[in-house]
Every structure is written in C-alpha cells, then in structure tokens.
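Since the structure comes first, as structure tokens, the remarks are kept for the end.
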Amino acid sequence: MLATNDGRRCPLSPGPVAPNETVALGLYSPDLIDPKTGEVRKEALKTDVLVKQAHTNTCGDSSGLSVARLLDAKSELQLRATIQEIAARPKKDGQPRSIYGFATIGVGWLVGNGAQVLDDGKCDFTCHAVVRTEMTKSEVKKLREDLRLELNKSVKPW
C-alpha cells in the first residue's frame with residue numbers, strides 16, 4: 001500500500017473517509033436482497049466479514065464489508081458497474097443473479113455503532129471503501145441486525 005500525505009490509505013481514493021459522508025451497499029438478488037419484499041437480507045452482512053480479524057490491506061481488495069462512498073454522480077455509476085459485474089456471474093447452483101439497487105447509511109452512524117470506514121479506492125472504483133470492526137462475533141450480531149434495519153430504510157432500486 002502506497003502512503004500519501006493527506007491521510008488516504010489508497011492512492012486512487014479521493015481522500016480519507018469523513019464522518020459526514022454517506023456510503024452505499026450495492027444490492028443484487030437473490031443473494032443480498034429479497035426481490036419480493038425489497039428488504040436487505042441478513043446474508044448481505046456476514047459476521048465473518050465484520051468481526052475483528054487480521055485484515056488484508058491491498059487497495060481495492062481490502063477485507064471488510066465493501067461499500068461505495070457517495071461523493072458525486074460518478075460514485076453511483078461506479079457502484080452500479082461493479083454490481084453489474086458481480087450479478088453477471090451465476091451462483092454456484094447455477095441460479096442467475098440480477099442487479100437491484102443500493103441502500104445507504106451514514107458513516108457517522110457506523111462509527112457511532114463501533115465500526116470504522118476506510119477508503120479503499122482502485123482503478124474504475126475509486127469510491128470503494130470497506131467497513132470493519134474490532135468486535136467479537138457476539139457483538140457483531142447486534143450490529144448486523146441494527147445495520148440491516150437502517151439499510152432497509154433507504155433501499156433504492158435502479
């Protein structure tokens with residue numbers, strides 16, 4: 001990882017994540033969102049992704065919950081392109097996926113609930129960020145449910 005003088009972790013990021021920013025979780029069905037109810041599934045927020053662990057820190061592929069920083073119109077386009085790429089790959093059982101949209105949450109809410117949001121920009125997805133915690137598995141269970149409830153307040157289909 002190449003260090004910069006302005007506090008960003010990754011050279012292609014627009015800068016460090018600010019507490020007043022909003023991030024978006026890209027959604028595709030049937031994995032991350034229930035296409036019938038339009039609600040974020042519990043499986044979208046995996047415990048093993050959020051729990052305290054030895055993280056990898058390779059810009060663009062760092063471990064944690066992948067989100068997009070909503071900084072400008074280009075951010076949503078980058079998120080959509082990434083979700084389209086993921087959804088184009090069928091599930092292991094051969095079932096197709098389809099893009100759905102995204103749900104947003106404030107960085108301040110995440111930080112206030114024990115998470116951190118780190119810039120993780122890469123080529124063609126400069127607004128990429130990751131959400132991490134220092135929580136134990138049992139602590140993450142409550143965060144997951146609270147986060148899912150918050151995300152469900154802001155689901156926006158494309």
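Every chain in the structure tokens takes a letter, A first, then B, and so on in the order presented; its residues are numbered from 1, and the ligands are numbered from 1 following the presented order.
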Handout entry: Within 8 Å of range 71-78 of chain A using only C-alpha atoms, minus same-chain residues under 3 positions, as a PyMOL selection string
Key = chain A and resi 21-22+68+81-82+124-127
Output the selection as a compact mmCIF listing (two decimals), in the first residue's frame - N, CA, C and O atoms for each residue.
# COMPACT_ATOMS: atom_id res chain seq x y z
N GLU A 21 -19.96 11.70 5.62
CA GLU A 21 -20.22 11.05 4.33
C GLU A 21 -21.32 9.99 4.45
O GLU A 21 -21.63 9.52 5.55
N THR A 22 -21.84 9.62 3.29
CA THR A 22 -22.80 8.53 3.18
C THR A 22 -22.16 7.46 2.31
O THR A 22 -21.49 7.77 1.33
N ALA A 68 -19.61 1.72 -1.25
CA ALA A 68 -19.17 2.82 -2.11
C ALA A 68 -19.44 4.14 -1.39
O ALA A 68 -20.53 4.32 -0.82
N ALA A 81 -21.74 -0.30 -11.95
CA ALA A 81 -20.91 -1.12 -12.84
C ALA A 81 -20.33 -2.32 -12.08
O ALA A 81 -20.28 -3.44 -12.60
N THR A 82 -19.93 -2.11 -10.84
CA THR A 82 -19.38 -3.19 -10.03
C THR A 82 -20.45 -4.23 -9.72
O THR A 82 -20.20 -5.44 -9.83
N ASP A 124 -11.13 2.29 -11.67
CA ASP A 124 -12.53 2.11 -12.06
C ASP A 124 -13.50 1.98 -10.89
O ASP A 124 -14.68 1.75 -11.09
N PHE A 125 -13.01 2.09 -9.65
CA PHE A 125 -13.89 2.09 -8.48
C PHE A 125 -13.20 2.89 -7.38
O PHE A 125 -12.92 2.40 -6.29
N THR A 126 -12.92 4.14 -7.69
CA THR A 126 -12.17 5.00 -6.78
C THR A 126 -12.93 5.30 -5.49
O THR A 126 -12.33 5.59 -4.47
N CYS A 127 -14.26 5.20 -5.53
CA CYS A 127 -15.07 5.49 -4.34
C CYS A 127 -15.23 4.27 -3.43
O CYS A 127 -15.94 4.33 -2.43
Practice task
Between A:Arg41, A:Lys142, A:Lys156, A:Arg69, single out the one closest to Val117 in chain A, counting only C-alpha atoms.
Solution key: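 Using only C-alpha atoms, the shortest distance to Val117 in chain A belongs to A:Arg69.
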Handout entry: Nearby residues (only C-alpha atoms) at most 9 Å from Ala103 in chain A, same-chain spacing under 4 positions excluded, as a VMD selection string
Key = chain A and resid 23 to 27 40 150 to 157
Practice task
Extract, using only C-alpha atoms, all DNA, RNA and protein residues at most 12 Å from Pro30 in chain A, discarding same-chain residues fewer than 6 positions from it, and format them as an MDAnalysis selection string.
Solution key: chainID A and resid 36:44 87 90:91 95:100
Exercise for the section: Find the residue from A:Leu50, A:Leu70, A:Ala129, A:Ala115 that sits nearest to Ser13 in chain A; use only C-alpha atoms when measuring. Expected result: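 Checking each of A:Leu50, A:Leu70, A:Ala129, A:Ala115 against Ser13 in chain A, counting only C-alpha atoms, the winner is A:Ala129.
Proximity to Arg8 in chain A was assessed for A:Arg132, A:Asp120, A:Gly60, A:Lys137 counting only C-alpha atoms; the smallest distance is recorded for A:Asp120.
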Practice task
Find the residue from A:Gly121, A:Trp158, A:Gly108, A:Gly94 that sits nearest to Asn20 in chain A; use only C-alpha atoms when measuring.
Solution key: A:Gly108
Practice task
Go through A:Met135, A:Leu32, A:Val49, A:Val130 and flag the residue nearest Ser62 in chain A, using only C-alpha atoms for the distances.
Solution key: A:Val130
Exercise for the section: For CA of Ser66 in chain A and CA of Asp34 in chain A, quote the distance in Å rounded to one decimal. Expected result: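 Interatomic distance, CA of Ser66 in chain A to CA of Asp34 in chain A: 19.1 Å.
Using only C-alpha atoms for every distance, the candidate list A:Arg80, A:Arg148, A:Lys122, A:Lys141 yields A:Lys122 as the residue closest to Pro14 in chain A.
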Exercise for the section: Extract the full set of strand (DSSP E) residues from range 81-136 of chain A according to DSSP on the backbone, and format it as a list in words. Expected result: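 Those residues are Ser98, Ile99, Tyr100, Gly101, Phe102, Ala103, Thr104, Ile105, Gly106, Ala115, Gln116, Val117, Leu118, Asp119, His128, Ala129, Val130, Val131, Arg132 and Thr133 of chain A.
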Restricting it to C-alpha atoms, dump the selection as an mmCIF file, in the first residue's frame.
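Once everything was written out, this is out22.cif:
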data_model
loop_
_atom_site.group_PDB
_atom_site.id
_atom_site.type_symbol
_atom_site.label_atom_id
_atom_site.label_comp_id
_atom_site.auth_asym_id
_atom_site.auth_seq_id
_atom_site.Cartn_x
_atom_site.Cartn_y
_atom_site.Cartn_z
ATOM 1 C CA SER A 98 -29.746 -9.698 -11.146
ATOM 2 C CA ILE A 99 -28.838 -6.177 -10.099
ATOM 3 C CA TYR A 100 -31.310 -4.496 -7.786
ATOM 4 C CA GLY A 101 -30.026 -1.175 -6.457
ATOM 5 C CA PHE A 102 -28.395 0.058 -3.295
ATOM 6 C CA ALA A 103 -29.033 1.071 0.315
ATOM 7 C CA THR A 104 -27.300 3.929 2.100
ATOM 8 C CA ILE A 105 -26.037 4.589 5.595
ATOM 9 C CA GLY A 106 -24.157 7.447 7.213
ATOM 10 C CA ALA A 115 -17.454 0.316 13.053
ATOM 11 C CA GLN A 116 -14.846 2.124 11.021
ATOM 12 C CA VAL A 117 -14.962 3.023 7.340
ATOM 13 C CA LEU A 118 -11.700 3.097 5.394
ATOM 14 C CA ASP A 119 -11.018 4.383 1.890
ATOM 15 C CA HIS A 128 -14.664 1.951 -2.916
ATOM 16 C CA ALA A 129 -14.415 1.705 0.864
ATOM 17 C CA VAL A 130 -14.559 -1.047 3.474
ATOM 18 C CA VAL A 131 -16.406 -1.260 6.791
ATOM 19 C CA ARG A 132 -14.622 -3.050 9.639
ATOM 20 C CA THR A 133 -14.997 -3.538 13.377
#
Practice task
Can you check which residues of range 16-155 of chain A DSSP gives as alpha helix (DSSP H) on the backbone and send them as a VMD selection string?
Solution key: chain A and resid 47 to 50 73 to 87 107 to 112 137 to 152
Could you turn the residues from that selection into a file that holds N, CA and C atoms, as a CSV table (one decimal), in the first residue's frame?
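Writing done, so here's selection01.csv:
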chain,number,residue,atom,x,y,z
A,47,THR,N,-21.2,-12.0,9.3
A,47,THR,CA,-20.5,-11.9,10.5
A,47,THR,C,-19.0,-12.0,10.3
A,48,ASP,N,-18.5,-13.0,9.5
A,48,ASP,CA,-17.1,-13.2,9.3
A,48,ASP,C,-16.4,-12.1,8.6
A,49,VAL,N,-17.2,-11.2,7.9
A,49,VAL,CA,-16.6,-10.1,7.2
A,49,VAL,C,-16.5,-8.9,8.2
A,50,LEU,N,-17.4,-8.7,9.1
A,50,LEU,CA,-17.4,-7.6,10.0
A,50,LEU,C,-16.7,-7.8,11.3
A,73,ALA,N,-21.9,12.1,-8.7
A,73,ALA,CA,-22.7,11.2,-9.6
A,73,ALA,C,-21.9,10.0,-10.1
A,74,LYS,N,-20.6,10.2,-10.3
A,74,LYS,CA,-19.7,9.2,-10.7
A,74,LYS,C,-19.6,8.0,-9.8
A,75,SER,N,-19.8,8.3,-8.5
A,75,SER,CA,-19.8,7.2,-7.5
A,75,SER,C,-20.9,6.2,-7.7
A,76,GLU,N,-22.1,6.6,-7.9
A,76,GLU,CA,-23.2,5.7,-8.1
A,76,GLU,C,-23.0,4.9,-9.4
A,77,LEU,N,-22.4,5.5,-10.4
A,77,LEU,CA,-22.1,4.8,-11.7
A,77,LEU,C,-21.1,3.7,-11.5
A,78,GLN,N,-20.0,4.0,-10.7
A,78,GLN,CA,-19.0,3.1,-10.4
A,78,GLN,C,-19.6,1.9,-9.6
A,79,LEU,N,-20.5,2.2,-8.6
A,79,LEU,CA,-21.1,1.2,-7.8
A,79,LEU,C,-22.0,0.3,-8.7
A,80,ARG,N,-22.7,0.9,-9.6
A,80,ARG,CA,-23.6,0.1,-10.4
A,80,ARG,C,-22.8,-0.8,-11.4
A,81,ALA,N,-21.7,-0.3,-12.0
A,81,ALA,CA,-20.9,-1.1,-12.8
A,81,ALA,C,-20.3,-2.3,-12.1
A,82,THR,N,-19.9,-2.1,-10.8
A,82,THR,CA,-19.4,-3.2,-10.0
A,82,THR,C,-20.4,-4.2,-9.7
A,83,ILE,N,-21.6,-3.8,-9.4
A,83,ILE,CA,-22.7,-4.7,-9.0
A,83,ILE,C,-23.2,-5.5,-10.3
A,84,GLN,N,-23.2,-4.8,-11.5
A,84,GLN,CA,-23.5,-5.5,-12.7
A,84,GLN,C,-22.5,-6.6,-13.0
A,85,GLU,N,-21.2,-6.3,-12.7
A,85,GLU,CA,-20.2,-7.3,-13.0
A,85,GLU,C,-20.4,-8.6,-12.0
A,86,ILE,N,-20.7,-8.3,-10.8
A,86,ILE,CA,-20.9,-9.4,-9.8
A,86,ILE,C,-22.2,-10.2,-10.2
A,87,ALA,N,-23.2,-9.5,-10.5
A,87,ALA,CA,-24.5,-10.1,-10.8
A,87,ALA,C,-24.5,-10.9,-12.1
A,107,VAL,N,-21.8,7.4,7.5
A,107,VAL,CA,-20.5,7.0,8.2
A,107,VAL,C,-20.6,7.3,9.7
A,108,GLY,N,-21.2,8.4,10.0
A,108,GLY,CA,-21.4,8.7,11.4
A,108,GLY,C,-22.1,7.7,12.2
A,109,TRP,N,-23.2,7.1,11.6
A,109,TRP,CA,-24.0,6.0,12.2
A,109,TRP,C,-23.1,4.8,12.4
A,110,LEU,N,-22.3,4.5,11.4
A,110,LEU,CA,-21.4,3.3,11.5
A,110,LEU,C,-20.4,3.5,12.6
A,111,VAL,N,-19.7,4.6,12.6
A,111,VAL,CA,-18.7,4.9,13.7
A,111,VAL,C,-19.4,4.9,15.1
A,112,GLY,N,-20.5,5.5,15.2
A,112,GLY,CA,-21.2,5.6,16.4
A,112,GLY,C,-21.7,4.2,17.0
A,137,LYS,N,-17.5,-11.9,17.7
A,137,LYS,CA,-18.7,-12.5,17.0
A,137,LYS,C,-20.0,-12.1,17.6
A,138,SER,N,-20.1,-12.2,18.9
A,138,SER,CA,-21.4,-12.0,19.6
A,138,SER,C,-21.8,-10.5,19.5
A,139,GLU,N,-20.8,-9.6,19.6
A,139,GLU,CA,-21.1,-8.2,19.4
A,139,GLU,C,-21.5,-7.8,18.0
A,140,VAL,N,-21.0,-8.5,17.0
A,140,VAL,CA,-21.3,-8.2,15.6
A,140,VAL,C,-22.8,-8.6,15.3
A,141,LYS,N,-23.3,-9.6,16.0
A,141,LYS,CA,-24.7,-10.0,15.8
A,141,LYS,C,-25.7,-8.8,15.9
A,142,LYS,N,-25.5,-8.0,17.0
A,142,LYS,CA,-26.4,-6.9,17.2
A,142,LYS,C,-26.1,-5.8,16.2
A,143,LEU,N,-24.9,-5.5,15.9
A,143,LEU,CA,-24.6,-4.6,14.8
A,143,LEU,C,-25.2,-5.0,13.5
A,144,ARG,N,-25.1,-6.2,13.1
A,144,ARG,CA,-25.6,-6.7,11.9
A,144,ARG,C,-27.1,-6.4,11.8
A,145,GLU,N,-27.9,-6.8,12.8
A,145,GLU,CA,-29.3,-6.6,12.8
A,145,GLU,C,-29.7,-5.1,12.8
A,146,ASP,N,-29.0,-4.3,13.6
A,146,ASP,CA,-29.2,-2.8,13.6
A,146,ASP,C,-28.9,-2.2,12.2
A,147,LEU,N,-27.8,-2.6,11.6
A,147,LEU,CA,-27.4,-2.1,10.3
A,147,LEU,C,-28.4,-2.5,9.2
A,148,ARG,N,-28.8,-3.8,9.3
A,148,ARG,CA,-29.8,-4.2,8.3
A,148,ARG,C,-31.1,-3.4,8.4
A,149,LEU,N,-31.5,-3.1,9.6
A,149,LEU,CA,-32.7,-2.3,9.8
A,149,LEU,C,-32.5,-0.9,9.3
A,150,GLU,N,-31.4,-0.3,9.5
A,150,GLU,CA,-31.0,1.0,9.0
A,150,GLU,C,-31.0,1.1,7.5
A,151,LEU,N,-30.3,0.1,6.9
A,151,LEU,CA,-30.2,0.0,5.4
A,151,LEU,C,-31.6,-0.2,4.8
A,152,ASN,N,-32.5,-0.9,5.4
A,152,ASN,CA,-33.8,-1.1,4.8
A,152,ASN,C,-34.6,0.1,4.8
Practice task
Go ahead and compute the interatomic distance for CA of Asp61 in chain A and CA of Gly114 in chain A, in Å to one decimal.
Solution key: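 Those two atoms sit 22.0 Å apart.
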Exercise for the section: Mind giving me the straight-line distance from CA of Gln53 in chain A to CA of Arg89 in chain A in Å, one decimal? Expected result: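 Distance between the two atoms: 28.1 Å.
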